[in-house]
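Data from entry19.txt: compact mmCIF, C-alpha atoms
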# COMPACT_ATOMS: atom_id res chain seq x y z
CA MET A 4 -27.05 -13.84 -11.72
CA ARG A 5 -29.11 -11.56 -9.54
CA LEU A 6 -27.54 -13.10 -6.46
CA ILE A 7 -24.03 -12.51 -7.84
CA TYR A 8 -24.95 -8.88 -8.67
CA PHE A 9 -26.39 -8.45 -5.16
CA PHE A 10 -23.23 -9.74 -3.48
CA ARG A 11 -21.10 -7.54 -5.73
CA GLN A 12 -23.08 -4.47 -4.62
CA ILE A 13 -22.65 -5.43 -1.00
CA SER A 14 -18.90 -5.88 -1.52
CA GLU A 15 -18.64 -2.46 -3.18
CA LEU A 16 -20.62 -0.84 -0.37
CA VAL A 17 -18.35 -2.47 2.22
CA LEU A 18 -15.25 -1.21 0.42
CA GLU A 19 -16.76 2.27 0.08
CA ASN A 20 -17.68 2.28 3.76
CA GLU A 21 -14.13 1.24 4.71
CA LYS A 22 -12.70 4.03 2.51
CA LYS A 23 -15.02 6.60 4.07
CA SER A 24 -14.11 5.34 7.53
CA LYS A 25 -10.41 5.75 6.75
CA ASP A 26 -11.04 9.24 5.32
CA LEU A 27 -13.00 10.16 8.44
CA ASN A 28 -10.22 8.94 10.74
CA ARG A 29 -7.68 10.87 8.65
CA LEU A 30 -9.77 14.05 8.89
CA LYS A 31 -10.17 13.58 12.64
CA SER A 32 -6.40 13.16 12.98
CA GLU A 33 -5.75 16.29 10.90
CA ALA A 34 -8.32 18.26 12.91
CA LYS A 35 -6.70 17.12 16.16
CA ASP A 36 -3.28 18.14 14.84
CA LEU A 37 -4.57 21.56 13.76
CA GLN A 38 -6.22 22.08 17.14
CA SER A 39 -2.98 21.13 18.86
CA ARG A 40 -1.05 23.65 16.75
CA ASN A 41 -3.70 26.28 17.43
CA ASP A 42 -3.39 25.64 21.18
CA VAL A 43 0.39 26.09 20.93
CA LEU A 44 -0.07 29.37 19.03
CA ASP A 45 -2.52 30.57 21.68
CA MET A 46 0.11 29.88 24.32
CA ILE A 47 2.80 31.72 22.32
CA ASN A 48 0.71 34.71 21.25
CA GLU A 49 0.38 37.40 23.87
CA TRP A 50 -2.59 38.98 22.08
CA ARG A 51 -6.13 37.99 21.24
CA LEU A 52 -8.30 39.61 18.58
CA GLU A 53 -11.31 40.94 20.47
CA GLU A 54 -13.01 42.97 17.75
CA ASN A 55 -12.41 43.47 14.04
CA LYS A 56 -14.33 46.00 11.92
CA ASP A 57 -13.69 48.04 8.81
CA THR A 58 -13.27 51.09 11.03
CA GLY A 59 -10.78 49.51 13.41
CA SER A 60 -9.72 46.60 15.61
CA VAL A 61 -9.32 45.81 19.29
CA TYR A 62 -6.67 43.43 20.65
CA THR A 63 -6.37 42.28 24.25
CA PHE A 64 -3.34 41.28 26.29
CA LEU A 65 -2.72 39.98 29.81
CA TYR A 66 -6.02 38.13 30.18
CA LYS A 67 -8.12 41.04 28.88
CA THR A 68 -6.68 43.57 31.30
CA MET A 69 -4.84 45.49 28.56
CA PHE A 70 -6.43 46.72 25.33
CA LEU A 71 -4.83 47.87 22.10
CA ARG A 72 -7.32 49.89 20.03
CA LEU A 73 -6.73 50.70 16.37
CA VAL A 74 -8.83 53.24 14.46
CA TYR A 75 -8.55 53.55 10.67
CA GLU A 76 -9.21 56.60 8.56
CA LYS A 77 -12.39 56.54 6.46
CA ASN A 78 -11.59 54.83 3.18
CA THR A 79 -12.40 57.04 0.18
CA GLY A 80 -10.75 54.93 -2.55
CA ASP A 81 -12.38 52.16 -4.52
CA ASP A 82 -9.24 50.46 -5.79
CA ALA A 83 -7.99 47.15 -4.43
CA LYS A 84 -5.03 48.76 -2.66
CA SER A 85 -7.27 51.19 -0.77
CA ARG A 86 -9.43 48.32 0.40
CA SER A 87 -6.49 46.15 1.53
CA GLU A 88 -4.33 48.89 3.07
CA LYS A 89 -6.08 51.27 5.44
CA LYS A 90 -4.45 54.35 6.88
CA MET A 91 -4.14 54.45 10.64
CA ALA A 92 -5.99 57.31 12.35
CA ASN A 93 -5.23 56.44 15.98
CA ILE A 94 -3.46 53.84 18.13
CA SER A 95 -4.30 53.80 21.82
CA PHE A 96 -3.75 51.59 24.84
CA GLU A 97 -6.04 51.02 27.80
CA PHE A 98 -5.20 49.30 31.07
CA ASN A 99 -7.99 47.85 33.13
CA LEU A 100 -6.57 46.11 36.19
CA ASP A 101 -8.30 46.00 39.54
CA GLU A 102 -6.28 47.69 42.27
CA LYS A 103 -6.97 44.66 44.44
CA SER A 104 -5.12 42.42 41.98
CA TYR A 105 -1.94 40.61 42.96
CA CYS A 106 1.05 42.89 43.38
CA HIS A 107 3.07 41.10 40.70
CA ALA A 108 0.25 41.72 38.19
CA ARG A 109 0.24 45.43 39.07
CA LEU A 110 4.01 45.54 38.59
CA VAL A 111 3.66 43.99 35.12
CA HIS A 112 1.04 46.57 34.16
CA LYS A 113 3.19 49.38 35.49
CA LEU A 114 6.18 48.25 33.42
CA VAL A 115 4.14 47.86 30.24
CA SER A 116 2.29 51.14 30.69
CA GLY A 117 5.62 52.89 31.26
CA TYR A 118 6.88 51.46 27.99
CA VAL A 119 3.73 52.56 26.14
CA GLU A 120 3.93 56.09 27.53
CA GLY A 121 7.62 56.29 26.70
CA GLU A 122 7.05 55.49 23.04
CA SER A 123 5.71 58.44 21.02
CA CYS A 124 4.21 58.75 17.55
CA TRP A 125 2.71 55.25 17.33
CA VAL A 126 0.76 56.17 14.19
CA GLU A 127 3.89 57.48 12.48
CA LYS A 128 5.71 54.26 13.31
CA TYR A 129 2.80 52.04 12.17
CA PRO A 130 0.93 54.16 9.59
CA THR A 131 -1.25 51.54 7.88
CA SER A 132 -3.11 48.30 8.49
CA GLN A 133 -0.20 46.49 6.78
CA HIS A 134 1.97 47.43 9.78
CA VAL A 135 -0.35 45.84 12.36
CA PRO A 136 1.54 42.49 12.51
CA GLN A 137 4.75 44.39 13.24
CA LEU A 138 2.98 46.43 15.92
CA LEU A 139 1.61 43.28 17.55
CA ARG A 140 5.06 41.66 17.53
CA GLU A 141 6.69 44.65 19.22
CA VAL A 142 4.03 45.03 21.89
CA SER A 143 3.89 41.26 22.46
CA LEU A 144 7.65 41.14 22.96
CA VAL A 145 7.48 43.69 25.77
CA VAL A 146 4.31 42.26 27.31
CA GLY A 147 5.75 38.73 27.23
CA ARG A 148 8.97 39.69 28.97
CA CYS A 149 7.17 41.71 31.62
CA ARG A 150 4.65 38.92 32.16
CA LEU A 151 7.47 36.42 32.73
CA VAL A 152 8.98 38.73 35.35
CA GLY A 153 5.61 38.82 37.09
CA GLU A 154 5.50 35.02 36.97
CA GLU A 155 8.99 34.87 38.50
CA ILE A 156 7.88 37.10 41.37
CA ARG A 157 4.76 35.02 41.92
CA LEU A 158 6.78 31.80 42.14
CA LEU A 159 9.37 33.38 44.42
CA LYS A 160 6.62 34.64 46.70
CA THR A 161 5.13 31.13 46.81
CA TRP A 162 8.31 29.01 47.13
CA GLY A 163 11.06 31.50 48.01
CA SER A 164 10.86 31.00 51.75
CA LEU A 165 11.78 27.34 51.36
CA ARG A 166 14.41 27.65 48.64
CA PHE A 167 16.01 31.07 49.16
CA ASP A 168 15.33 32.05 52.80
CA ILE A 169 12.87 34.77 51.77
CA LEU A 170 10.94 35.93 54.82
CA ASP A 171 8.72 38.38 52.93
CA LEU A 172 8.23 39.56 49.35
CA SER A 173 5.96 42.34 48.11
CA CYS A 174 5.67 44.75 45.17
CA SER A 175 4.85 48.41 44.91
CA GLU A 176 4.73 50.19 41.54
CA THR A 177 7.92 48.86 39.84
CA GLN A 178 9.70 48.01 43.10
CA VAL A 179 10.16 44.57 44.61
CA HIS A 180 10.75 44.54 48.37
CA ILE A 181 12.38 41.39 49.77
CA VAL A 182 13.36 40.44 53.31
CA PHE A 183 15.98 37.69 53.52
CA SER A 184 16.48 35.84 56.78
CA SER A 185 18.75 32.89 57.59
CA LEU A 186 18.97 31.43 61.08
CA ARG A 187 21.84 29.23 59.90
CA LYS A 188 23.94 32.27 58.96
CA PHE A 189 22.34 34.46 61.64
CA THR A 190 21.64 37.04 58.93
CA LYS A 191 18.70 39.23 58.08
CA PHE A 192 18.53 42.09 55.60
CA GLU A 193 16.02 43.95 53.42
CA VAL A 194 16.50 44.87 49.77
CA ILE A 195 14.33 46.93 47.44
CA PHE A 196 14.95 46.18 43.76
CA GLU A 197 13.79 48.58 41.07
CA ALA A 198 12.56 46.97 37.84
CA ALA A 199 12.91 48.83 34.54
CA LEU A 200 12.73 48.23 30.80
CA THR A 201 15.93 48.72 28.82
CA ASN A 202 15.87 47.92 25.11
CA GLN A 203 12.59 46.07 25.67
CA SER A 204 14.20 43.83 28.32
CA CYS A 205 13.60 43.88 32.07
CA VAL A 206 16.57 44.83 34.23
CA PHE A 207 16.96 45.39 37.96
CA HIS A 208 19.06 47.55 40.22
CA VAL A 209 19.28 47.96 43.97
CA GLN A 210 17.28 50.97 45.06
CA SER A 211 17.78 50.63 48.82
CA PHE A 212 19.20 48.26 51.39
CA LYS A 213 18.85 47.80 55.14
CA ASN A 214 20.91 45.40 57.21
CA VAL A 215 19.08 44.07 60.28
CA ILE A 216 21.29 41.26 61.58
CA GLY A 217 24.77 40.32 60.44
CA SER A 218 27.34 42.12 58.31
CA THR A 219 25.85 42.08 54.80
CA THR A 220 26.41 45.30 52.85
CA ILE A 221 24.69 46.97 49.92
CA GLN A 222 27.92 46.66 47.92
CA GLN A 223 27.65 42.86 48.10
CA ILE A 224 24.10 42.94 46.73
CA GLU A 225 25.09 45.38 43.96
CA GLU A 226 28.00 43.14 42.97
CA VAL A 227 25.63 40.20 42.59
CA VAL A 228 23.27 42.23 40.40
CA ALA A 229 26.14 43.58 38.28
CA SER A 230 27.59 40.10 37.75
CA LEU A 231 24.52 38.81 35.91
CA SER A 232 23.66 39.71 32.33
CA PRO A 233 20.09 40.57 31.25
CA GLY A 234 18.07 37.70 29.90
CA ARG A 235 15.59 35.03 30.78
CA ASN A 236 14.84 34.52 34.50
CA LEU A 237 17.13 37.41 35.45
CA PHE A 238 15.36 38.20 38.70
CA THR A 239 15.31 34.56 39.81
CA ARG A 240 19.01 34.33 38.97
CA ILE A 241 19.71 37.40 41.08
CA ILE A 242 17.83 36.00 44.07
CA LYS A 243 19.47 32.60 43.66
CA LYS A 244 22.96 34.12 43.59
CA VAL A 245 22.21 36.36 46.58
CA HIS A 246 21.22 33.23 48.47
CA GLN A 247 24.25 31.22 47.33
CA THR A 248 26.68 34.05 48.05
CA LEU A 249 25.35 35.49 51.29
CA LEU A 250 22.96 32.99 52.89
CA SER A 251 24.18 29.45 52.11
Can you turn what I pasted into structure tokens?
Amino acid sequence: MRLIYFFRQISELVLENEKKSKDLNRLKSEAKDLQSRNDVLDMINEWRLEENKDTGSVYTFLYKTMFLRLVYEKNTGDDAKSRSEKKMANISFEFNLDEKSYCHARLVHKLVSGYVEGESCWVEKYPTSQHVPQLLREVSLVVGRCRLVGEEIRLLKTWGSLRFDILDLSCSETQVHIVFSSLRKFTKFEVIFEAALTNQSCVFHVQSFKNVIGSTTIQQIEEVVASLSPGRNLFTRIIKKVHQTLLS
């Protein structure tokens, strides 16, 4: 009888161990899935929470080169609403980018800082801590679109000479200076595009033009720009059409 009882205990322990092993594998799978979702959110979110206190919060953007600082008024109420909803005392932005940084990064900062300076009465627009998610969404929308423009410029600077006959590309403030040169078409010209934010979207217009070789005119460049609607990859689309129309 003792032997039968002993084997029964062993069998129960084996079954329990198998159940725990399955539970552990399930938990590992769920943890991996949650981590994967968290990684996706980190890629989507433009902001990171750097500091969170009762007196205020600090959020960072653009790889910790832009700071959004929130300061709350001193809470004098003891009710649940006063503790959950804090009045905003101040909303400020700080930009901390090295002047030696890549020109496309400086252009992104210039666009975003211009947007921030152009918007007044931040506290009136977002008066309490309950409005912080809305504030983060609005700022993230602008930062994200400007960051993508910077990424476009970086890629064009890296690969543009091969794909679009770009001899030189550089940025200054919110201007993008490009020299196009095609031996096949015996054409060379310089264009300076001005980047700007309109309704939280990046747009471009031709600021200046200089023809070096060939018969290209500023009107042709302006027609290309005017023919394309604002949206994703606008600057790349402009450059691509300039190349197709005038250099291919």
Which residues come within 12 Å of region 209-219 of chain A, counting all atoms listed in the file, excluding same-chain residues fewer than 6 positions away, as number ranges by chain? A: 177-199, 225-229, 238, 241, 245-246, 248-250
Two-atom distance - CA of Gln247 (chain A), CA of Glu154 (chain A) (Å):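 Separation of CA of Gln247 (chain A) and CA of Glu154 (chain A): 21.8 Å.
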Interatomic distance, CA of Asn93 (chain A) to CA of Arg72 (chain A) (Å, one decimal):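 Spanning CA of Asn93 (chain A) to CA of Arg72 (chain A) is a straight-line distance of 8.0 Å.
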Rounded to one decimal, what separation in Å do you get between CA of Val142 (chain A) and CA of Asn55 (chain A)?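 CA of Asn55 (chain A) lies 18.3 Å from CA of Val142 (chain A).
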Using only C-alpha atoms: which of A:Glu176, A:Glu49, A:Glu127, A:Glu88 has the shortest distance to Leu139 (chain A): A:Glu49
Select, from A:Trp50, A:Tyr75, A:Phe70, A:Phe167, the residue with the minimum atom-to-atom distance to Pro136 (chain A), counting all atoms listed in the file. A:Trp50
Report as a Markdown table: every residue of region 143-204 of chain A with an atom at most 7 Å from region 95-110 of chain A, its closest pair of atoms, and their distance in Å to one decimal, counting all atoms listed in the file, with rows sorted by chain and ascending residue number.
| residue | atom | partner | partner_atom | distance |
| --- | --- | --- | --- | --- |
| A:Gly153 | CA | A:His107 | CA | 5.0 |
| A:Ile156 | CA | A:His107 | CA | 6.3 |
| A:Arg157 | CA | A:His107 | CA | 6.4 |
| A:Ser173 | CA | A:Cys106 | CA | 6.8 |
| A:Cys174 | CA | A:Cys106 | CA | 5.3 |
| A:Ser175 | CA | A:Cys106 | CA | 6.9 |
| A:Glu176 | CA | A:Leu110 | CA | 5.6 |
| A:Thr177 | CA | A:Leu110 | CA | 5.3 |
